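What follows is a single structure, written as structure tokens, with notes after it.
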Amino acid sequence: MIIRHDRRNLRYKSKLRTFLRHSTRITAKIARTFLRYSVFLPHPFSAEFRPMKIVILGAGVIGVTSAWYLARAGHEVTVIDRQPAPALETSFANAGEVSPGYSAPWAAPGIPVKAMKWLFMKHAPLIIQARPDLAKLSWVAQMLMNCTTPAYKRNKSRMVRLAEYSRDCLIDLRGETGIAYDERMQGTLQLFRTAKQVEGAAKDIDVLRADGVPFEVLDRAGCIAAEPGLASSADKIAGGLRLPNDETGDCFKFTNALSARAEALGVTFRYGVSIHRLNKSGDRITSVDTSAGRIDANAFVLALGSYSPLLAAPLGIKLPVYPVKGYSITVPIVDADRAPVSTVMDETHKIAITRLGDRIRVGGMAEIAGYDQSLPLKRRATLEHSVEDLFGGAGDQSRATFWSGLRPMTPDGTPILGRSPIGNLFLNTGHGTLGWTMACGSGRVLADVISGRAAEIDASDLGFARYQGGRAAAPALRAVPAE
């Protein structure tokens with residue numbers, strides 16, 4: 001059985017995007033073309049656009065998408081990263097989901113009680129290392145304050161808003177460039193193993209319905225129809241929630257392909273360059289000190305993921321971003337009929353199982369252990385258990401690769417996007433497990449803000465100001481021509 005709910009009354013979309021979805025094919029093409037190339041147009045209510053020299057700190061998927069949209073807007077962009085190539089840290093082997101409908105904060109009603117149970121599970125989705133860490137305690141305390149029903153609905157709604165917009169931006173980018181990254185457009189299935197999990201999905205369904213996000217409530221047969229590889233595990237399935245507009249793809253491949261296209265637009269990538277500090281004079285950043293010397297610019301973008309707070313702290317900016325380690329294995333497929341078609345979210349173990357071409361990416365867990373990046377074998381065992389339990393025999397575990405990455409998490413789950421308290425320093429960080437899902441939308445919003453244009457979605461509640469008691473982040477940036 002399948003119960004479908006379609007997109008209606010899109011509360012947070014711009015009038016143009018609402019028109020785009022409900023217009024005829026011809027008018028939709030015209031509207032989409034306008035959206036794609038409007039990045040070149042000056043804001044109608046601002047002074048004539050003037051390009052700036054902009055330095056982006058970080059070459060993961062967030063930094064590279066920011067570079068792409070800023071270069072498209074006509075700015076002179078330089079990207080700096082300590083790694084020898086793009087996407088070699090958190091963007092390297094994530095779960096592979098582009099899942100707007102599944103976007104949700106970890107801070108939710110009932111999570112404190114669930115967390116206590118998870119800590120004692122053999123294949124626990126949550127691991128908390130006992131090492132003393134004031135930053136960790138502060139972050140956990142703030143997260144617990146968001147574990148209320150009103151906070152959950154507020155946070156999920158704004159996450160879905162950005163994620164839906166980002167998926168639309170990705171579709172536009174893919175259509176424009178022909179970029180390939182083992183992409184599939186076949187939805188996400190959140191799989192429930194117990195009746196209690198099915199009942200618990202009601203709060204997510206309320207938000208999806210309110211935001212006009214299409215979804216399907218599935219029984220056991222519906223889950224197997226969506227993912228035939230689950231047939232041998234039918235007795236483990238109580239039901240599912242399918243998001244048909246979600247996508248999958250290899251974030252590493254995407255970021256590398258987009259960086260090449262950005263370079264062709266004139267973006268300069270400086271790899272193998274360590275970032276030491278940002279230099280401030282008055283209310284502006286003047287330069288960044290690196291292992292390759294001092295680099296000047298008119299504006300700076302902080303897109304360093306979990307390392308963003310370390311660079312912001314000396315400037316007096318306390319970013320509530322904490323590294324939460326996730327793990328993945330990448331398994332070669334040996335039986336395509338048993339493999340997933342798209343992404344299956346194992347709700348019990350909080351693990352995503354994703355088809356990426358001829359591979360299965362299995363990613364998940366949350367380990368709160370600071371900046372530790374070790375690879376304990378018992379974490380690998382949890383990933384292997386989940387995929388074999390649901391898609392037994394689909395992949396060759398003996399040839400799987402094992403990886404970990406540090407997700408930059410905020411206490412409310414929403415990224416920090418936009419202006420900082422310093423006039424020409426901009427933030428694009430704190431995306432947690434949804435960096436790949438939110439990358440294109442975040443990059444486009446940031447390019448609009450820096451260029452003096454109104455963003456296509458409401459981004460007023462995505463900024464750092466929400467952690468300052470609602471105070472405004474910084475005065476408007478005055479465009480300075482590139483030298």
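Each chain of the structure tokens is named A, B, ... in the order shown, its residues numbered from 1; ligands are numbered from 1 in display order.
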
Extract, using only C-alpha atoms, all DNA, RNA and protein residues at most 8 Å from stretch 375-388 of chain A, discarding same-chain residues fewer than 6 positions from it, and format them as JSON, numbers by chain. {"A": [123, 124, 327, 328, 329, 346, 349, 351, 353, 362, 363, 364, 394, 397, 402, 403, 404]}

Set out as CSV a contact list for stretch 386-425 of chain A and stretch 103-117 of chain A with a cut-off of 10 Å, giving each residue of stretch 386-425 of chain A that qualifies its closest atom pair and distance in Å to one decimal, counting only C-alpha atoms, ordered by chain and rising residue number.
residue,atom,partner,partner_atom,distance
A:Met409,CA,A:Trp106,CA,9.4
A:Thr410,CA,A:Pro105,CA,9.2
A:Pro411,CA,A:Ala107,CA,7.2
A:Asp412,CA,A:Pro105,CA,6.2
A:Gly413,CA,A:Pro105,CA,4.5
A:Thr414,CA,A:Pro105,CA,7.3

Next, the residues of the selection above should be written as an mmCIF file, in the first residue's frame with N, CA and C atoms.
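The result, written out as part_14.cif:
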data_model
loop_
_atom_site.group_PDB
_atom_site.id
_atom_site.type_symbol
_atom_site.label_atom_id
_atom_site.label_comp_id
_atom_site.auth_asym_id
_atom_site.auth_seq_id
_atom_site.Cartn_x
_atom_site.Cartn_y
_atom_site.Cartn_z
ATOM 1 N N MET A 409 28.660 19.988 13.104
ATOM 2 C CA MET A 409 27.279 20.017 13.586
ATOM 3 C C MET A 409 26.999 21.268 14.424
ATOM 4 N N THR A 410 25.831 21.858 14.216
ATOM 5 C CA THR A 410 25.333 22.905 15.098
ATOM 6 C C THR A 410 24.326 22.277 16.067
ATOM 7 N N PRO A 411 24.073 22.921 17.206
ATOM 8 C CA PRO A 411 23.126 22.335 18.177
ATOM 9 C C PRO A 411 21.699 22.209 17.645
ATOM 10 N N ASP A 412 21.298 23.087 16.713
ATOM 11 C CA ASP A 412 19.926 23.026 16.199
ATOM 12 C C ASP A 412 19.841 22.344 14.839
ATOM 13 N N GLY A 413 20.978 21.877 14.324
ATOM 14 C CA GLY A 413 20.982 21.132 13.072
ATOM 15 C C GLY A 413 21.048 21.974 11.820
ATOM 16 N N THR A 414 20.756 23.270 11.925
ATOM 17 C CA THR A 414 20.739 24.164 10.775
ATOM 18 C C THR A 414 22.124 24.767 10.559
#

Would you give me, as a PyMOL selection string, the residues in stretch 352-470 of chain A that DSSP reads as helix (DSSP H, G or I)? chain A and resi 377-391+397-399+432-451+464-467

Within 9 Å of A:Ala238, counting only C-alpha atoms, which residues show up once you throw out same-chain ones fewer than 4 positions away? Write them as a PyMOL selection string, please. chain A and resi 191-195+197-198+219-220+234

Output of the above residues as an mmCIF file, in the first residue's frame, restricted to C-alpha atoms:
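Heads up, here's the output in again_22.cif:
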data_model
loop_
_atom_site.group_PDB
_atom_site.id
_atom_site.type_symbol
_atom_site.label_atom_id
_atom_site.label_comp_id
_atom_site.auth_asym_id
_atom_site.auth_seq_id
_atom_site.Cartn_x
_atom_site.Cartn_y
_atom_site.Cartn_z
ATOM 1 C CA LEU A 191 12.961 2.070 6.581
ATOM 2 C CA PHE A 192 11.220 1.266 9.862
ATOM 3 C CA ARG A 193 11.811 -2.067 11.581
ATOM 4 C CA THR A 194 9.222 -1.563 14.356
ATOM 5 C CA ALA A 195 5.655 -0.294 14.658
ATOM 6 C CA GLN A 197 9.216 3.778 14.528
ATOM 7 C CA VAL A 198 6.297 3.972 12.088
ATOM 8 C CA ASP A 219 3.695 -0.721 4.121
ATOM 9 C CA ARG A 220 6.023 -3.733 3.849
ATOM 10 C CA ALA A 234 10.782 -8.753 4.357
#

When you draw a straight line from atom CA of A:Lys350 to atom CA of A:Asp133, how long is it in Å? 25.1 Å

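Distances from A:Pro132, A:Gly229, A:Gly441, A:Gly293 to A:Asp337 were compared using only C-alpha atoms, and the smallest one belongs to A:Gly229.
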
Close residues, A:Ala292 itself excluded, 12 Å, only C-alpha atoms, min 3 positions apart in chain, as a ChimeraX atom specification: /A:80-82,270-276,288-289,295

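Closest approach to A:Glu227 from the set A:Leu258, A:Ser281, A:Gly101, A:Thr354 is made by A:Thr354, with distances taken over only C-alpha atoms.
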
Polymer residues at most 7 Å from stretch 446-454 of chain A, only C-alpha atoms, same-chain spacing of 2 or more positions, as a PyMOL selection string: chain A and resi 43+46+66+69-70+418+442-444+456

From A:Arg294, A:Arg361, A:Arg407, A:Arg184, residue lying nearest A:Val55 [only C-alpha atoms]: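 Smallest distance to A:Val55 is found for A:Arg294.
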
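Interatomic distance, atom CA of A:Ala400 to atom CA of A:Val334: 11.8 Å.
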
One decimal, Å: what's the distance from atom CA of A:Asn298 over to atom CA of A:Ile54, could you say? 5.9 Å

Stretch 305-412 of chain A residues near stretch 136-139 of chain A within 8 Å, closest pair each, using only C-alpha atoms, as JSON lines:
{"residue": "A:Pro320", "atom": "CA", "partner": "A:Trp139", "partner_atom": "CA", "distance": 6.6}
{"residue": "A:Val321", "atom": "CA", "partner": "A:Trp139", "partner_atom": "CA", "distance": 7.7}
{"residue": "A:Tyr322", "atom": "CA", "partner": "A:Trp139", "partner_atom": "CA", "distance": 6.9}
{"residue": "A:Ile368", "atom": "CA", "partner": "A:Lys136", "partner_atom": "CA", "distance": 7.8}
{"residue": "A:Gly370", "atom": "CA", "partner": "A:Lys136", "partner_atom": "CA", "distance": 7.5}
{"residue": "A:Thr410", "atom": "CA", "partner": "A:Trp139", "partner_atom": "CA", "distance": 7.7}
{"residue": "A:Pro411", "atom": "CA", "partner": "A:Trp139", "partner_atom": "CA", "distance": 6.1}

Residues of stretch 171-363 of chain A in strand (DSSP E or B), written as an NGL selection string: :A and (184 or 188-192 or 215-218 or 239-243 or 247-248 or 268-270 or 275-281 or 284-290 or 293-296 or 299-302 or 322-333 or 343-346 or 351-356 or 359-363)

Long-range neighbours of A:Ala231 as number ranges by chain, 12 Å cut-off, only C-alpha atoms, 3 positions minimum in chain: A: 220-228, 234-237, 337-340, 389-392

I need the residues from that last selection saved to file as a PDB file, in the first residue's frame (with N, CA, C and O atoms), if you can.
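Saved to again-v3.pdb:
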ATOM      1  N   ARG A 220       4.908  -2.829   4.178  1.00  0.00           N
ATOM      2  CA  ARG A 220       6.023  -3.733   3.849  1.00  0.00           C
ATOM      3  C   ARG A 220       6.108  -3.985   2.338  1.00  0.00           C
ATOM      4  O   ARG A 220       7.185  -3.886   1.740  1.00  0.00           O
ATOM      5  N   ALA A 221       4.985  -4.272   1.711  1.00  0.00           N
ATOM      6  CA  ALA A 221       4.977  -4.552   0.275  1.00  0.00           C
ATOM      7  C   ALA A 221       5.414  -3.333  -0.523  1.00  0.00           C
ATOM      8  O   ALA A 221       6.130  -3.451  -1.531  1.00  0.00           O
ATOM      9  N   GLY A 222       5.000  -2.142  -0.066  1.00  0.00           N
ATOM     10  CA  GLY A 222       5.397  -0.918  -0.751  1.00  0.00           C
ATOM     11  C   GLY A 222       6.890  -0.674  -0.682  1.00  0.00           C
ATOM     12  O   GLY A 222       7.508  -0.208  -1.647  1.00  0.00           O
ATOM     13  N   CYS A 223       7.490  -0.999   0.474  1.00  0.00           N
ATOM     14  CA  CYS A 223       8.942  -0.847   0.627  1.00  0.00           C
ATOM     15  C   CYS A 223       9.683  -1.759  -0.349  1.00  0.00           C
ATOM     16  O   CYS A 223      10.671  -1.347  -0.982  1.00  0.00           O
ATOM     17  N   ILE A 224       9.223  -2.981  -0.470  1.00  0.00           N
ATOM     18  CA  ILE A 224       9.883  -3.942  -1.356  1.00  0.00           C
ATOM     19  C   ILE A 224       9.670  -3.562  -2.823  1.00  0.00           C
ATOM     20  O   ILE A 224      10.569  -3.739  -3.659  1.00  0.00           O
ATOM     21  N   ALA A 225       8.513  -2.987  -3.129  1.00  0.00           N
ATOM     22  CA  ALA A 225       8.280  -2.525  -4.498  1.00  0.00           C
ATOM     23  C   ALA A 225       9.236  -1.393  -4.855  1.00  0.00           C
ATOM     24  O   ALA A 225       9.734  -1.315  -5.980  1.00  0.00           O
ATOM     25  N   ALA A 226       9.515  -0.520  -3.885  1.00  0.00           N
ATOM     26  CA  ALA A 226      10.436   0.592  -4.125  1.00  0.00           C
ATOM     27  C   ALA A 226      11.878   0.122  -4.172  1.00  0.00           C
ATOM     28  O   ALA A 226      12.685   0.641  -4.946  1.00  0.00           O
ATOM     29  N   GLU A 227      12.205  -0.870  -3.343  1.00  0.00           N
ATOM     30  CA  GLU A 227      13.573  -1.400  -3.256  1.00  0.00           C
ATOM     31  C   GLU A 227      13.506  -2.930  -3.309  1.00  0.00           C
ATOM     32  O   GLU A 227      13.474  -3.606  -2.278  1.00  0.00           O
ATOM     33  N   PRO A 228      13.488  -3.513  -4.506  1.00  0.00           N
ATOM     34  CA  PRO A 228      13.337  -4.973  -4.637  1.00  0.00           C
ATOM     35  C   PRO A 228      14.407  -5.776  -3.914  1.00  0.00           C
ATOM     36  O   PRO A 228      14.154  -6.923  -3.520  1.00  0.00           O
ATOM     37  N   ALA A 234      12.163  -9.217   4.157  1.00  0.00           N
ATOM     38  CA  ALA A 234      10.782  -8.753   4.357  1.00  0.00           C
ATOM     39  C   ALA A 234      10.339  -8.837   5.809  1.00  0.00           C
ATOM     40  O   ALA A 234       9.611  -7.962   6.304  1.00  0.00           O
ATOM     41  N   ASP A 235      10.770  -9.868   6.515  1.00  0.00           N
ATOM     42  CA  ASP A 235      10.327 -10.056   7.895  1.00  0.00           C
ATOM     43  C   ASP A 235      10.883  -9.005   8.847  1.00  0.00           C
ATOM     44  O   ASP A 235      10.427  -8.878   9.978  1.00  0.00           O
ATOM     45  N   LYS A 236      11.864  -8.217   8.388  1.00  0.00           N
ATOM     46  CA  LYS A 236      12.470  -7.180   9.237  1.00  0.00           C
ATOM     47  C   LYS A 236      11.830  -5.806   9.016  1.00  0.00           C
ATOM     48  O   LYS A 236      12.238  -4.825   9.629  1.00  0.00           O
ATOM     49  N   ILE A 237      10.851  -5.718   8.120  1.00  0.00           N
ATOM     50  CA  ILE A 237      10.300  -4.431   7.695  1.00  0.00           C
ATOM     51  C   ILE A 237       8.894  -4.227   8.275  1.00  0.00           C
ATOM     52  O   ILE A 237       8.010  -5.061   8.088  1.00  0.00           O
ATOM     53  N   ASP A 337      21.004  -7.393  -8.426  1.00  0.00           N
ATOM     54  CA  ASP A 337      19.605  -7.620  -8.087  1.00  0.00           C
ATOM     55  C   ASP A 337      19.357  -7.527  -6.588  1.00  0.00           C
ATOM     56  O   ASP A 337      18.225  -7.264  -6.156  1.00  0.00           O
ATOM     57  N   ARG A 338      20.377  -7.767  -5.800  1.00  0.00           N
ATOM     58  CA  ARG A 338      20.235  -7.696  -4.341  1.00  0.00           C
ATOM     59  C   ARG A 338      20.614  -6.329  -3.785  1.00  0.00           C
ATOM     60  O   ARG A 338      20.432  -6.072  -2.590  1.00  0.00           O
ATOM     61  N   ALA A 339      21.171  -5.476  -4.611  1.00  0.00           N
ATOM     62  CA  ALA A 339      21.668  -4.177  -4.168  1.00  0.00           C
ATOM     63  C   ALA A 339      20.544  -3.145  -4.109  1.00  0.00           C
ATOM     64  O   ALA A 339      19.499  -3.302  -4.744  1.00  0.00           O
ATOM     65  N   PRO A 340      20.734  -2.073  -3.338  1.00  0.00           N
ATOM     66  CA  PRO A 340      19.725  -1.011  -3.310  1.00  0.00           C
ATOM     67  C   PRO A 340      19.630  -0.303  -4.659  1.00  0.00           C
ATOM     68  O   PRO A 340      20.612  -0.241  -5.413  1.00  0.00           O
ATOM     69  N   ASP A 389      22.359  -7.204   6.758  1.00  0.00           N
ATOM     70  CA  ASP A 389      21.067  -7.574   7.329  1.00  0.00           C
ATOM     71  C   ASP A 389      19.922  -7.257   6.366  1.00  0.00           C
ATOM     72  O   ASP A 389      18.916  -7.966   6.330  1.00  0.00           O
ATOM     73  N   LEU A 390      20.077  -6.187   5.580  1.00  0.00           N
ATOM     74  CA  LEU A 390      19.013  -5.766   4.671  1.00  0.00           C
ATOM     75  C   LEU A 390      19.266  -6.161   3.222  1.00  0.00           C
ATOM     76  O   LEU A 390      18.324  -6.459   2.482  1.00  0.00           O
ATOM     77  N   PHE A 391      20.516  -6.140   2.786  1.00  0.00           N
ATOM     78  CA  PHE A 391      20.863  -6.438   1.392  1.00  0.00           C
ATOM     79  C   PHE A 391      21.950  -7.515   1.341  1.00  0.00           C
ATOM     80  O   PHE A 391      22.994  -7.341   0.714  1.00  0.00           O
ATOM     81  N   GLY A 392      21.699  -8.617   2.032  1.00  0.00           N
ATOM     82  CA  GLY A 392      22.682  -9.687   2.133  1.00  0.00           C
ATOM     83  C   GLY A 392      23.146 -10.208   0.775  1.00  0.00           C
ATOM     84  O   GLY A 392      22.327 -10.491  -0.099  1.00  0.00           O
TER      85      GLY A 392
END

Just the residues within 7 Å of A:Ile416, please, counting only C-alpha atoms, with nothing from its chain fewer than 5 positions along; format it as a PyMOL selection string. chain A and resi 427-430+462-464

Got time to write the residues from that selection, C-alpha atoms, as an mmCIF file, in the first residue's frame?
data_model
loop_
_atom_site.group_PDB
_atom_site.id
_atom_site.type_symbol
_atom_site.label_atom_id
_atom_site.label_comp_id
_atom_site.auth_asym_id
_atom_site.auth_seq_id
_atom_site.Cartn_x
_atom_site.Cartn_y
_atom_site.Cartn_z
ATOM 1 C CA LEU A 427 30.068 32.046 7.003
ATOM 2 C CA ASN A 428 29.098 28.854 5.186
ATOM 3 C CA THR A 429 29.570 26.110 7.731
ATOM 4 C CA GLY A 430 27.824 23.828 10.224
ATOM 5 C CA LEU A 462 19.992 30.705 8.795
ATOM 6 C CA GLY A 463 22.654 33.128 10.014
ATOM 7 C CA PHE A 464 24.877 33.470 13.047
#
